[in-house]
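This is run_29.pdb (PDB, C-alpha atoms).
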ATOM      1  CA  MET A   1       1.004   4.222 -27.247
ATOM      2  CA  ALA A   2       3.501   2.268 -25.232
ATOM      3  CA  THR A   3       2.225  -0.545 -23.073
ATOM      4  CA  GLY A   4       3.398  -1.741 -19.697
ATOM      5  CA  ARG A   5       4.703  -5.022 -21.151
ATOM      6  CA  THR A   6       7.400  -3.311 -23.229
ATOM      7  CA  HIS A   7       8.347  -0.233 -21.186
ATOM      8  CA  ARG A   8       9.106  -0.566 -17.488
ATOM      9  CA  PRO A   9      10.184   2.188 -15.076
ATOM     10  CA  ALA A  10      13.860   2.441 -14.225
ATOM     11  CA  THR A  11      13.602   3.052 -10.487
ATOM     12  CA  ARG A  12      15.287  -0.214  -9.499
ATOM     13  CA  SER A  13      18.147   0.088 -11.967
ATOM     14  CA  ARG A  14      18.814   3.627 -10.726
ATOM     15  CA  GLY A  15      19.018   2.446  -7.131
ATOM     16  CA  ILE A  16      16.090   4.371  -5.693
ATOM     17  CA  PRO A  17      15.206   2.863  -2.270
ATOM     18  CA  GLU A  18      11.851   1.139  -1.945
ATOM     19  CA  ALA A  19      10.898   3.494   0.900
ATOM     20  CA  THR A  20      11.417   6.449  -1.438
ATOM     21  CA  VAL A  21       9.413   4.768  -4.201
ATOM     22  CA  ALA A  22       6.552   4.261  -1.720
ATOM     23  CA  ARG A  23       6.515   8.015  -0.991
ATOM     24  CA  LEU A  24       6.616   9.188  -4.615
ATOM     25  CA  PRO A  25       2.833   8.737  -5.102
ATOM     26  CA  LEU A  26       2.261  10.900  -1.993
ATOM     27  CA  TYR A  27       4.370  13.680  -3.480
ATOM     28  CA  LEU A  28       2.644  13.296  -6.827
ATOM     29  CA  ARG A  29      -0.808  13.577  -5.255
ATOM     30  CA  ALA A  30       0.179  16.760  -3.415
ATOM     31  CA  LEU A  31       1.828  18.225  -6.503
ATOM     32  CA  THR A  32      -1.172  17.419  -8.688
ATOM     33  CA  ALA A  33      -3.409  19.315  -6.272
ATOM     34  CA  LEU A  34      -1.038  22.308  -6.467
ATOM     35  CA  SER A  35      -0.962  22.090 -10.259
ATOM     36  CA  GLU A  36      -4.750  22.116 -10.416
ATOM     37  CA  ARG A  37      -4.675  25.366  -8.406
ATOM     38  CA  ALA A  38      -2.107  26.805 -10.852
ATOM     39  CA  VAL A  39       0.576  27.095  -8.143
ATOM     40  CA  PRO A  40       3.890  27.499 -10.035
ATOM     41  CA  THR A  41       6.441  26.670  -7.310
ATOM     42  CA  VAL A  42       6.467  25.083  -3.885
ATOM     43  CA  SER A  43       9.016  24.966  -1.076
ATOM     44  CA  SER A  44      10.221  21.676   0.372
ATOM     45  CA  GLU A  45       8.550  22.539   3.693
ATOM     46  CA  GLU A  46       5.173  23.221   2.055
ATOM     47  CA  LEU A  47       5.281  20.115  -0.102
ATOM     48  CA  ALA A  48       6.462  17.933   2.781
ATOM     49  CA  ALA A  49       3.578  19.142   4.952
ATOM     50  CA  ALA A  50       1.090  18.443   2.149
ATOM     51  CA  ALA A  51       2.521  14.930   1.658
ATOM     52  CA  GLY A  52       2.731  14.159   5.377
ATOM     53  CA  VAL A  53       6.520  13.721   5.611
ATOM     54  CA  ASN A  54       9.341  15.845   6.990
ATOM     55  CA  SER A  55      11.173  18.214   4.667
ATOM     56  CA  ALA A  56      14.607  16.617   5.172
ATOM     57  CA  LYS A  57      13.244  13.253   4.032
ATOM     58  CA  LEU A  58      11.585  14.895   1.025
ATOM     59  CA  ARG A  59      14.812  16.591  -0.056
ATOM     60  CA  LYS A  60      16.667  13.293   0.301
ATOM     61  CA  ASP A  61      14.013  11.495  -1.761
ATOM     62  CA  PHE A  62      14.187  14.099  -4.508
ATOM     63  CA  SER A  63      17.974  13.873  -4.607
ATOM     64  CA  TYR A  64      17.556  10.324  -5.946
ATOM     65  CA  LEU A  65      15.619  11.829  -8.839
ATOM     66  CA  GLY A  66      18.323  14.424  -9.482
ATOM     67  CA  SER A  67      15.964  17.234  -8.465
ATOM     68  CA  TYR A  68      17.297  19.711  -5.917
ATOM     69  CA  GLY A  69      15.079  22.757  -6.348
ATOM     70  CA  THR A  70      16.249  26.369  -6.395
ATOM     71  CA  ARG A  71      17.306  28.131  -3.212
ATOM     72  CA  GLY A  72      14.821  30.844  -2.314
ATOM     73  CA  VAL A  73      12.369  29.684  -5.000
ATOM     74  CA  GLY A  74      11.629  26.016  -4.322
ATOM     75  CA  TYR A  75      10.558  23.340  -6.768
ATOM     76  CA  ASP A  76       8.840  23.859 -10.098
ATOM     77  CA  VAL A  77       5.486  22.128  -9.643
ATOM     78  CA  GLU A  78       4.823  21.151 -13.269
ATOM     79  CA  TYR A  79       8.330  19.808 -13.773
ATOM     80  CA  LEU A  80       8.124  17.711 -10.609
ATOM     81  CA  VAL A  81       4.751  16.316 -11.678
ATOM     82  CA  TYR A  82       6.304  15.219 -14.948
ATOM     83  CA  GLN A  83       9.512  13.958 -13.336
ATOM     84  CA  ILE A  84       7.769  11.822 -10.705
ATOM     85  CA  SER A  85       5.158  10.580 -13.190
ATOM     86  CA  ARG A  86       7.942   9.489 -15.522
ATOM     87  CA  GLU A  87       9.847   7.779 -12.709
ATOM     88  CA  LEU A  88       6.713   5.875 -11.651
ATOM     89  CA  GLY A  89       6.013   4.888 -15.244
ATOM     90  CA  LEU A  90       2.812   6.920 -15.446
ATOM     91  CA  THR A  91       3.639   8.701 -18.693
ATOM     92  CA  GLN A  92       2.680   5.555 -20.602
ATOM     93  CA  ASP A  93      -0.329   3.289 -20.877
ATOM     94  CA  TRP A  94      -0.630   0.441 -18.334
ATOM     95  CA  PRO A  95      -3.383  -2.019 -19.263
ATOM     96  CA  VAL A  96      -4.836  -3.729 -16.195
ATOM     97  CA  VAL A  97      -7.097  -6.758 -15.791
ATOM     98  CA  ILE A  98      -9.392  -7.114 -12.785
ATOM     99  CA  VAL A  99     -10.228 -10.722 -11.872
ATOM    100  CA  GLY A 100     -13.274 -11.278  -9.671
ATOM    101  CA  ILE A 101     -16.188  -8.961 -10.355
ATOM    102  CA  GLY A 102     -18.115  -9.135  -7.116
ATOM    103  CA  ASN A 103     -18.937  -6.032  -5.107
ATOM    104  CA  LEU A 104     -15.289  -5.073  -4.655
ATOM    105  CA  GLY A 105     -14.239  -5.858  -8.205
ATOM    106  CA  ALA A 106     -17.165  -3.870  -9.598
ATOM    107  CA  ALA A 107     -16.262  -0.921  -7.380
ATOM    108  CA  LEU A 108     -12.671  -1.053  -8.603
ATOM    109  CA  ALA A 109     -13.851  -1.196 -12.206
ATOM    110  CA  GLY A 110     -15.755   2.044 -11.673
ATOM    111  CA  TYR A 111     -12.902   3.844  -9.939
ATOM    112  CA  GLY A 112     -12.099   6.949 -11.954
ATOM    113  CA  GLY A 113      -8.622   7.324 -10.495
ATOM    114  CA  PHE A 114      -7.202   4.585 -12.722
ATOM    115  CA  ALA A 115      -7.500   6.454 -16.007
ATOM    116  CA  SER A 116      -6.278   9.762 -14.583
ATOM    117  CA  ARG A 117      -3.106   8.095 -13.306
ATOM    118  CA  GLY A 118      -2.053   6.189 -16.409
ATOM    119  CA  PHE A 119      -3.915   2.899 -15.890
ATOM    120  CA  ARG A 120      -6.436   1.514 -18.360
ATOM    121  CA  VAL A 121      -8.814  -1.248 -17.325
ATOM    122  CA  ALA A 122      -8.337  -3.546 -20.299
ATOM    123  CA  ALA A 123     -10.668  -6.310 -19.108
ATOM    124  CA  LEU A 124     -12.943  -7.487 -16.335
ATOM    125  CA  ILE A 125     -12.846 -11.239 -15.737
ATOM    126  CA  ASP A 126     -15.057 -13.527 -13.675
ATOM    127  CA  ALA A 127     -15.564 -17.288 -13.402
ATOM    128  CA  ASP A 128     -19.365 -17.035 -13.137
ATOM    129  CA  PRO A 129     -20.940 -17.725 -16.567
ATOM    130  CA  ALA A 130     -23.917 -15.583 -15.562
ATOM    131  CA  MET A 131     -21.597 -12.568 -15.442
ATOM    132  CA  THR A 132     -20.223 -13.051 -18.955
ATOM    133  CA  GLY A 133     -21.217 -10.195 -21.229
ATOM    134  CA  ARG A 134     -22.742  -8.142 -18.437
ATOM    135  CA  PRO A 135     -21.464  -4.544 -18.537
ATOM    136  CA  VAL A 136     -19.813  -3.233 -15.373
ATOM    137  CA  ALA A 137     -18.701   0.405 -15.437
ATOM    138  CA  GLY A 138     -19.257   0.287 -19.184
ATOM    139  CA  ILE A 139     -16.964  -2.721 -19.702
ATOM    140  CA  PRO A 140     -18.392  -6.153 -20.576
ATOM    141  CA  VAL A 141     -17.290  -8.919 -18.216
ATOM    142  CA  GLN A 142     -15.384 -11.772 -19.856
ATOM    143  CA  HIS A 143     -15.172 -15.370 -18.665
ATOM    144  CA  SER A 144     -12.051 -16.584 -16.871
ATOM    145  CA  ASP A 145     -11.519 -19.246 -19.553
ATOM    146  CA  ASP A 146     -10.288 -16.399 -21.779
ATOM    147  CA  LEU A 147      -7.808 -15.008 -19.224
ATOM    148  CA  GLU A 148      -4.612 -16.033 -21.004
ATOM    149  CA  ARG A 149      -5.836 -14.831 -24.406
ATOM    150  CA  ILE A 150      -6.862 -11.459 -22.991
ATOM    151  CA  ILE A 151      -3.494 -10.933 -21.305
ATOM    152  CA  GLU A 152      -1.654 -11.796 -24.489
ATOM    153  CA  GLU A 153      -3.794  -9.656 -26.795
ATOM    154  CA  ASP A 154      -3.748  -6.584 -24.549
ATOM    155  CA  GLY A 155      -0.125  -6.872 -23.418
ATOM    156  CA  VAL A 156      -1.216  -6.845 -19.777
ATOM    157  CA  SER A 157       1.506  -6.823 -17.123
ATOM    158  CA  ILE A 158      -0.582  -5.740 -14.114
ATOM    159  CA  GLY A 159      -3.354  -7.880 -12.645
ATOM    160  CA  VAL A 160      -5.791  -7.058  -9.864
ATOM    161  CA  ILE A 161      -7.158  -9.987  -7.843
ATOM    162  CA  ALA A 162     -10.501  -9.359  -6.135
ATOM    163  CA  THR A 163     -11.616 -12.977  -5.805
ATOM    164  CA  PRO A 164     -12.449 -15.000  -2.678
ATOM    165  CA  ALA A 165      -9.356 -16.173  -0.808
ATOM    166  CA  GLY A 166      -9.858 -19.819  -1.749
ATOM    167  CA  VAL A 167      -9.196 -19.265  -5.459
ATOM    168  CA  ALA A 168      -6.781 -16.329  -5.291
ATOM    169  CA  GLN A 169      -3.606 -18.435  -5.544
ATOM    170  CA  GLN A 170      -4.956 -20.323  -8.539
ATOM    171  CA  VAL A 171      -5.814 -17.041 -10.257
ATOM    172  CA  CYS A 172      -2.381 -15.673  -9.349
ATOM    173  CA  ASP A 173      -0.650 -18.707 -10.856
ATOM    174  CA  ARG A 174      -2.562 -18.288 -14.107
ATOM    175  CA  LEU A 175      -1.765 -14.572 -14.269
ATOM    176  CA  VAL A 176       1.934 -15.199 -13.743
ATOM    177  CA  ALA A 177       2.040 -18.059 -16.245
ATOM    178  CA  ALA A 178       0.400 -15.791 -18.823
ATOM    179  CA  GLY A 179       3.060 -13.105 -18.367
ATOM    180  CA  VAL A 180       1.711 -10.798 -15.659
ATOM    181  CA  THR A 181       4.605  -9.537 -13.531
ATOM    182  CA  SER A 182       2.823  -7.212 -11.080
ATOM    183  CA  ILE A 183      -0.220  -8.089  -8.969
ATOM    184  CA  LEU A 184      -2.426  -6.017  -6.702
ATOM    185  CA  ASN A 185      -4.070  -8.459  -4.304
ATOM    186  CA  PHE A 186      -7.327  -7.633  -2.505
ATOM    187  CA  ALA A 187      -8.035 -11.245  -1.524
ATOM    188  CA  PRO A 188      -7.524 -11.913   2.214
ATOM    189  CA  THR A 189      -4.662 -14.351   1.714
ATOM    190  CA  VAL A 190      -0.914 -14.355   1.140
ATOM    191  CA  LEU A 191       0.108 -15.187  -2.415
ATOM    192  CA  SER A 192       3.179 -17.175  -3.393
ATOM    193  CA  VAL A 193       4.915 -15.859  -6.520
ATOM    194  CA  PRO A 194       8.246 -16.545  -8.236
ATOM    195  CA  ASP A 195      11.151 -14.117  -8.283
ATOM    196  CA  GLY A 196      10.563 -11.214 -10.626
ATOM    197  CA  VAL A 197       6.868 -10.882  -9.789
ATOM    198  CA  ASP A 198       5.808  -8.022  -7.514
ATOM    199  CA  VAL A 199       2.774  -8.319  -5.253
ATOM    200  CA  ARG A 200       1.128  -5.495  -3.330
ATOM    201  CA  LYS A 201      -1.494  -6.586  -0.799
ATOM    202  CA  VAL A 202      -4.468  -4.470   0.225
ATOM    203  CA  ASP A 203      -6.311  -5.873   3.259
ATOM    204  CA  LEU A 204      -8.876  -3.510   4.722
ATOM    205  CA  SER A 205      -9.583  -5.774   7.694
ATOM    206  CA  ILE A 206      -5.934  -5.634   8.757
ATOM    207  CA  GLU A 207      -5.932  -1.842   8.540
ATOM    208  CA  LEU A 208      -9.075  -1.714  10.679
ATOM    209  CA  GLN A 209      -7.522  -4.064  13.237
ATOM    210  CA  ILE A 210      -4.477  -1.793  13.487
ATOM    211  CA  LEU A 211      -6.770   1.196  14.038
ATOM    212  CA  ALA A 212      -8.667  -0.784  16.699
ATOM    213  CA  PHE A 213      -5.366  -1.452  18.479
ATOM    214  CA  HIS A 214      -4.569   2.268  18.586
ATOM    215  CA  GLU A 215      -8.084   3.118  19.740
ATOM    216  CA  GLN A 216      -7.831   0.570  22.545
ATOM    217  CA  ARG A 217      -4.451   1.922  23.619
ATOM    218  CA  LYS A 218      -5.726   5.517  23.598
ATOM    219  CA  ALA A 219      -8.747   4.474  25.672
ATOM    220  CA  GLY A 220      -6.449   2.732  28.167
ATOM    221  CA  GLU A 221      -4.231   5.796  28.457
ATOM    222  CA  GLU A 222      -7.243   8.040  29.042
ATOM    223  CA  ALA A 223      -8.612   5.670  31.678
ATOM    224  CA  GLY A 224      -5.214   5.600  33.370
ATOM    225  CA  ALA A 225      -5.028   9.392  33.384
ATOM    226  CA  ASP A 226      -8.530   9.710  34.844
ATOM    227  CA  GLY A 227      -7.808   7.247  37.655
ATOM    228  CA  ALA A 228      -4.229   8.280  38.351
ATOM    229  CA  ASP A 229      -5.074   9.723  41.784
ATOM    230  CA  THR A 230      -7.418   6.941  42.836
ATOM    231  CA  VAL A 231      -5.221   3.879  42.402
ATOM    232  CA  PRO A 232      -5.194   2.036  45.772
ATOM    233  CA  ALA A 233      -1.865   1.489  47.446
ATOM    234  CA  PRO A 234      -0.626  -2.103  47.374
ATOM    235  CA  ALA A 235      -1.594  -4.130  50.388
ATOM    236  CA  ALA A 236       1.122  -4.590  52.990
ATOM    237  CA  VAL A 237       2.728  -7.989  52.914
ATOM    238  CA  PRO A 238       2.537  -9.694  56.329
ATOM    239  CA  PRO A 239       5.951 -10.393  57.866
ATOM    240  CA  ALA A 240       7.342 -13.878  57.565
ATOM    241  CA  PRO A 241       6.843 -16.002  60.678
ATOM    242  CA  ARG A 242       9.758 -16.119  63.081
ATOM    243  CA  GLY A 243      12.131 -18.967  62.450
ATOM    244  CA  THR A 244      11.654 -19.148  58.682
ATOM    245  CA  THR A 245      14.642 -18.724  56.416
ATOM    246  CA  GLY A 246      15.093 -17.189  52.989
ATOM    247  CA  GLY A 247      12.069 -14.859  53.355
ATOM    248  CA  SER A 248       9.676 -17.636  52.341
ATOM    249  CA  ARG A 249       6.443 -19.013  53.614
ATOM    250  CA  LYS A 250       4.506 -22.132  52.769
ATOM    251  CA  GLY A 251       1.777 -22.069  50.180
ATOM    252  CA  PRO A 252      -0.367 -24.736  48.558
ATOM    253  CA  ASP A 253       2.311 -25.266  45.906
ATOM    254  CA  GLY A 254       5.279 -25.212  48.301
ATOM    255  CA  ASP A 255       7.599 -22.374  49.270
ATOM    256  CA  VAL A 256       6.782 -19.025  47.659
ATOM    257  CA  PRO A 257       8.637 -15.742  48.134
ATOM    258  CA  ALA A 258       7.256 -13.490  50.859
ATOM    259  CA  VAL A 259       7.390 -10.616  48.332
ATOM    260  CA  MET A 260       6.800 -11.549  44.696
ATOM    261  CA  PRO A 261       9.195  -9.864  42.260
ATOM    262  CA  ALA A 262       7.748  -7.133  40.074
TER
END
Full structure transcribed into structure tokens:
Amino acid sequence: MATGRTHRPATRSRGIPEATVARLPLYLRALTALSERAVPTVSSEELAAAAGVNSAKLRKDFSYLGSYGTRGVGYDVEYLVYQISRELGLTQDWPVVIVGIGNLGAALAGYGGFASRGFRVAALIDADPAMTGRPVAGIPVQHSDDLERIIEEDGVSIGVIATPAGVAQQVCDRLVAAGVTSILNFAPTVLSVPDGVDVRKVDLSIELQILAFHEQRKAGEEAGADGADTVPAPAAVPPAPRGTTGGSRKGPDGDVPAVMPA
């Protein structure tokens, strides 16, 4: 079976925009659900709604793949599943190493979605000697001293970093030096990598902070709507004393405008 080190997807060479590439997994997830229900064809409107995008954007995205559907029929579900899977490189085996087997790393090791989407967890790696040999999700943990050997022997090109932030860059540097060219980073830090290495960052705390922002804004809008009829009128500004010029009056810090600008 082909490995990720020797066979890479051709999306970049074919000029597919990164925004389109980011939506392909959404289409694939929706199509896979349709396939599991034995739905043979799907319209662009139905698939767009299932993927959470508008139908015009979906048709544009599919045009980059050379897939235009059939008027009055729609898209063939099974063919699109294959076509998108091939474009994403999911029709081949992608060995993955997970570095850092704490709570998060162990949870990732047990995630069943990897195997069903073309990814094989080749190794679990941790710096703690007490973890060495301990099975996690049926895979024995190996010590970080063996990282380079493991990457070489398994032809690994994708690494997952689930370590504390303080050691993430060091782990990243070792992965890159050993030949890893794609990294999924769960550590709460920004990694520095050379050209030719792709990094995707997953930071749950940032996502929660963004949600908190929207919740706060919604609460403010609701409070504003509830009190829209009870907002007191602005207090009248007393007229400037006779004889003053420029509409100003004295304050503790000198002349200030009689009416402050909005």
For this session: Evaluate the PyMOL selection byres ((chain A and resi 76) around 7) here and jot the selected residues down as a count of residues only.
Result: 9
Give me the residues of region 168-197 of chain A that have any atom at most 12 Å from an atom of region 93-102 of chain A; for each, the nearest atom pair and the distance in Å, rounded to one decimal. Use only C-alpha atoms, sort by chain and number, and format it as a Markdown table.
| residue | atom | partner | partner_atom | distance |
| --- | --- | --- | --- | --- |
| A:Ala168 | CA | A:Val99 | CA | 9.3 |
| A:Gln169 | CA | A:Val99 | CA | 12.0 |
| A:Gln170 | CA | A:Val99 | CA | 11.4 |
| A:Val171 | CA | A:Val99 | CA | 7.9 |
| A:Cys172 | CA | A:Val99 | CA | 9.6 |
| A:Arg174 | CA | A:Val99 | CA | 11.0 |
| A:Leu175 | CA | A:Val97 | CA | 9.6 |
| A:Val180 | CA | A:Val96 | CA | 9.6 |
| A:Thr181 | CA | A:Val96 | CA | 11.4 |
| A:Ser182 | CA | A:Val96 | CA | 9.8 |
| A:Ile183 | CA | A:Val96 | CA | 9.6 |
| A:Leu184 | CA | A:Ile98 | CA | 9.3 |
| A:Asn185 | CA | A:Val99 | CA | 10.0 |
| A:Phe186 | CA | A:Gly100 | CA | 10.0 |
| A:Ala187 | CA | A:Gly100 | CA | 9.7 |
Evaluating the PyMOL selection byres ((chain A and resi 57-68) around 7) on the displayed file yields which residues, as a PDB file with C-alpha atoms, in the frame of the given file?
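Resulting contents of expr36.pdb:
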ATOM      1  CA  ILE A  16      16.090   4.371  -5.693  1.00  0.00           C
ATOM      2  CA  THR A  20      11.417   6.449  -1.438  1.00  0.00           C
ATOM      3  CA  SER A  44      10.221  21.676   0.372  1.00  0.00           C
ATOM      4  CA  ALA A  48       6.462  17.933   2.781  1.00  0.00           C
ATOM      5  CA  VAL A  53       6.520  13.721   5.611  1.00  0.00           C
ATOM      6  CA  ASN A  54       9.341  15.845   6.990  1.00  0.00           C
ATOM      7  CA  SER A  55      11.173  18.214   4.667  1.00  0.00           C
ATOM      8  CA  ALA A  56      14.607  16.617   5.172  1.00  0.00           C
ATOM      9  CA  GLY A  69      15.079  22.757  -6.348  1.00  0.00           C
ATOM     10  CA  THR A  70      16.249  26.369  -6.395  1.00  0.00           C
TER      11      THR A  70
END
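Comparing A:Gly105, A:Pro164, A:Gly159, A:Gly220 by their smallest distance to Val199 (chain A), the closest is A:Gly159 (using all atoms listed in the file).
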Exercise. Taking the file as shown, what set of residues would the PyMOL selection byres ((chain A and resi 147) around 9) give back, as a PyMOL selection string?
Worked result: chain A and resi 97+99+125+142-146+148-152+174-175+178
Around region 103-107 of chain A, fit a box with edges along x, y and z, padding it by 4 Å on each side, then list its centre and edge lengths in Å to one decimal as JSON.
{"center_x": -16.6, "center_y": -3.5, "center_z": -7.1, "size_x": 12.7, "size_y": 13.1, "size_z": 12.9}
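Between CA of Asn103 (chain A) and CA of Pro188 (chain A) there is a distance of 14.8 Å.
CA of Leu124 (chain A) to CA of Gly155 (chain A) spans 14.7 Å [interatomic distance, one decimal].
What separates CA of Ala50 (chain A) from CA of Pro25 (chain A) is a distance of 12.2 Å.
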For this session: May I ask which of the residues A:Ala219, A:Val73, A:Ala162, A:Val202 is the closest one to Glu45 (chain A), counting all atoms listed in the file?
Result: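 Answer, going by the shortest atom-to-atom distance: A:Val73.
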Fill-in result for region 168-177 of chain A, all heavy atoms as a CSV table (one decimal), in the frame of the given file:
chain,number,residue,atom,x,y,z
A,168,ALA,N,-7.7,-17.4,-4.9
A,168,ALA,CA,-6.8,-16.3,-5.3
A,168,ALA,C,-5.4,-16.9,-5.8
A,168,ALA,O,-4.9,-16.3,-6.8
A,168,ALA,CB,-6.6,-15.4,-4.1
A,169,GLN,N,-4.9,-17.9,-5.1
A,169,GLN,CA,-3.6,-18.4,-5.5
A,169,GLN,C,-3.7,-19.0,-6.9
A,169,GLN,O,-2.8,-18.9,-7.8
A,169,GLN,CB,-3.1,-19.5,-4.5
A,169,GLN,CG,-1.7,-20.0,-4.8
A,169,GLN,CD,-0.6,-18.9,-4.8
A,169,GLN,OE1,-0.5,-18.3,-3.8
A,169,GLN,NE2,0.1,-18.8,-5.9
A,170,GLN,N,-4.8,-19.7,-7.2
A,170,GLN,CA,-5.0,-20.3,-8.5
A,170,GLN,C,-5.0,-19.2,-9.6
A,170,GLN,O,-4.4,-19.4,-10.7
A,170,GLN,CB,-6.2,-21.2,-8.6
A,170,GLN,CG,-6.5,-21.8,-9.9
A,170,GLN,CD,-7.9,-22.5,-10.0
A,170,GLN,OE1,-8.5,-22.6,-8.9
A,170,GLN,NE2,-8.3,-22.9,-11.1
A,171,VAL,N,-5.7,-18.2,-9.3
A,171,VAL,CA,-5.8,-17.0,-10.3
A,171,VAL,C,-4.4,-16.4,-10.4
A,171,VAL,O,-4.0,-16.1,-11.5
A,171,VAL,CB,-6.8,-16.0,-9.8
A,171,VAL,CG1,-6.7,-14.7,-10.6
A,171,VAL,CG2,-8.2,-16.6,-9.8
A,172,CYS,N,-3.7,-16.2,-9.3
A,172,CYS,CA,-2.4,-15.7,-9.3
A,172,CYS,C,-1.5,-16.5,-10.2
A,172,CYS,O,-0.7,-16.0,-11.1
A,172,CYS,CB,-1.8,-15.6,-7.9
A,172,CYS,SG,-0.1,-15.0,-7.8
A,173,ASP,N,-1.5,-17.8,-10.1
A,173,ASP,CA,-0.6,-18.7,-10.9
A,173,ASP,C,-0.9,-18.6,-12.4
A,173,ASP,O,0.0,-18.5,-13.2
A,173,ASP,CB,-0.9,-20.2,-10.4
A,173,ASP,CG,-0.4,-20.4,-9.0
A,173,ASP,OD1,0.4,-19.6,-8.5
A,173,ASP,OD2,-0.8,-21.5,-8.4
A,174,ARG,N,-2.2,-18.4,-12.7
A,174,ARG,CA,-2.6,-18.3,-14.1
A,174,ARG,C,-2.1,-16.9,-14.6
A,174,ARG,O,-1.6,-16.8,-15.8
A,174,ARG,CB,-4.1,-18.4,-14.3
A,174,ARG,CG,-4.6,-19.9,-14.1
A,174,ARG,CD,-6.1,-19.9,-14.4
A,174,ARG,NE,-6.4,-19.6,-15.8
A,174,ARG,CZ,-7.6,-19.4,-16.2
A,174,ARG,NH1,-8.7,-19.6,-15.4
A,174,ARG,NH2,-7.9,-19.1,-17.5
A,175,LEU,N,-2.2,-15.9,-13.8
A,175,LEU,CA,-1.8,-14.6,-14.3
A,175,LEU,C,-0.3,-14.6,-14.5
A,175,LEU,O,0.2,-14.1,-15.6
A,175,LEU,CB,-2.1,-13.5,-13.2
A,175,LEU,CG,-3.6,-13.1,-13.0
A,175,LEU,CD1,-3.7,-12.3,-11.8
A,175,LEU,CD2,-4.1,-12.4,-14.3
A,176,VAL,N,0.5,-15.2,-13.6
A,176,VAL,CA,1.9,-15.2,-13.7
A,176,VAL,C,2.3,-16.0,-14.9
A,176,VAL,O,3.2,-15.6,-15.7
A,176,VAL,CB,2.6,-15.7,-12.5
A,176,VAL,CG1,4.1,-16.0,-12.7
A,176,VAL,CG2,2.3,-14.8,-11.3
A,177,ALA,N,1.7,-17.2,-15.1
A,177,ALA,CA,2.0,-18.1,-16.2
A,177,ALA,C,1.7,-17.4,-17.6
A,177,ALA,O,2.4,-17.6,-18.6
A,177,ALA,CB,1.3,-19.4,-16.1
